[in-house]
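As structure tokens, the structure follows; a few thoughts come after it.
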Amino acid sequence: MDYAMFPAVNATLNGTSAVLITTGRTLIRRGQVVAHRACMIAAVVSSSLFLVSYIYYHAHVGSIHFKGLGWVRTLYFGILLTHTILAAVIVPLVIITLARGMRG
């Protein structure tokens, strides 16, 4: 299998989630609850597909080593560290929020 397509697929799924969340936020400010709910559910689906795709890709390709040097390397790993921590912390928060939203 050609795994080269996965970074683009992952970026598309992630970007789609961001657009859906932004759209959903706009809709709820306008009082359009049903459309907001649909956007939020679609965002969770898109984010879940991203997570599955990301894990599948890295399970088969492994770790991709950053080749930058100097201050760029420090910046990259600083961003990577905070991103990784926040990505782990957000999962239970999304589950709790989704459960509350589905209960109304």
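By order of appearance in the structure tokens: chains A, B, ..., then residues from 1 within every chain, and ligands from 1 in the order shown.
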Residues near region 48-55 of chain A, cut-off 10 Å, only C-alpha atoms, skip fewer than 5 positions along chain, as JSON, numbers by chain: {"A": [6, 7, 9, 10, 11, 12, 13, 14, 15, 16, 17, 42, 43, 60, 61, 62]}
Residue list (alpha helix (DSSP H), DSSP) for chain A, as a PyMOL selection string: chain A and resi 6-29+33-61+71-103
Non-local contacts of region 35-37 of chain A (10 Å; only C-alpha atoms; under 6 positions in same chain excluded) as a VMD selection string: chain A and resid 20 to 29 43 98 101 to 102
Would you write out those residues with N, CA and C atoms, as a compact mmCIF listing (two decimals), in the first residue's frame?
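Output file part00.txt is given in full below:
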# COMPACT_ATOMS: atom_id res chain seq x y z
N LEU A 20 -15.86 22.76 10.34
CA LEU A 20 -17.14 22.37 10.92
C LEU A 20 -17.34 22.97 12.32
N ILE A 21 -16.29 22.97 13.13
CA ILE A 21 -16.38 23.55 14.47
C ILE A 21 -16.65 25.05 14.38
N THR A 22 -15.93 25.73 13.50
CA THR A 22 -16.12 27.17 13.32
C THR A 22 -17.54 27.47 12.83
N THR A 23 -18.00 26.69 11.88
CA THR A 23 -19.36 26.86 11.35
C THR A 23 -20.39 26.60 12.45
N GLY A 24 -20.17 25.54 13.22
CA GLY A 24 -21.09 25.20 14.31
C GLY A 24 -21.16 26.30 15.35
N ARG A 25 -20.03 26.90 15.65
CA ARG A 25 -20.00 28.00 16.62
C ARG A 25 -20.81 29.21 16.10
N THR A 26 -20.64 29.50 14.83
CA THR A 26 -21.39 30.59 14.22
C THR A 26 -22.89 30.29 14.24
N LEU A 27 -23.25 29.05 13.94
CA LEU A 27 -24.66 28.67 13.91
C LEU A 27 -25.32 28.79 15.28
N ILE A 28 -24.63 28.38 16.33
CA ILE A 28 -25.24 28.44 17.66
C ILE A 28 -25.40 29.88 18.12
N ARG A 29 -24.46 30.76 17.71
CA ARG A 29 -24.63 32.20 18.03
C ARG A 29 -25.84 32.78 17.35
N ALA A 43 -18.18 17.18 12.92
CA ALA A 43 -16.81 17.49 13.34
C ALA A 43 -16.22 16.35 14.15
N LEU A 98 -19.57 15.85 24.23
CA LEU A 98 -20.47 15.21 23.28
C LEU A 98 -21.62 14.52 24.01
N GLY A 101 -23.98 17.16 25.26
CA GLY A 101 -24.71 17.75 24.14
C GLY A 101 -25.79 16.82 23.61
N MET A 102 -25.51 15.54 23.56
CA MET A 102 -26.49 14.58 23.06
C MET A 102 -27.68 14.43 24.03
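Shortest atom-to-atom contact with Val45 (chain A) among A:Ile79, A:Gly104, A:Val94, A:Val33: A:Val94, counting only C-alpha atoms.
If you look at CA of His83 (chain A) and CA of Asp2 (chain A), they are 26.9 Å away from each other.
With distances restricted to only C-alpha atoms, A:Ala18 is the closest residue to Val44 (chain A) from A:Ala18, A:Gly31, A:Gly68, A:Ala59.
Going from CA of Ala99 (chain A) to CA of Ile41 (chain A) covers 11.0 Å.
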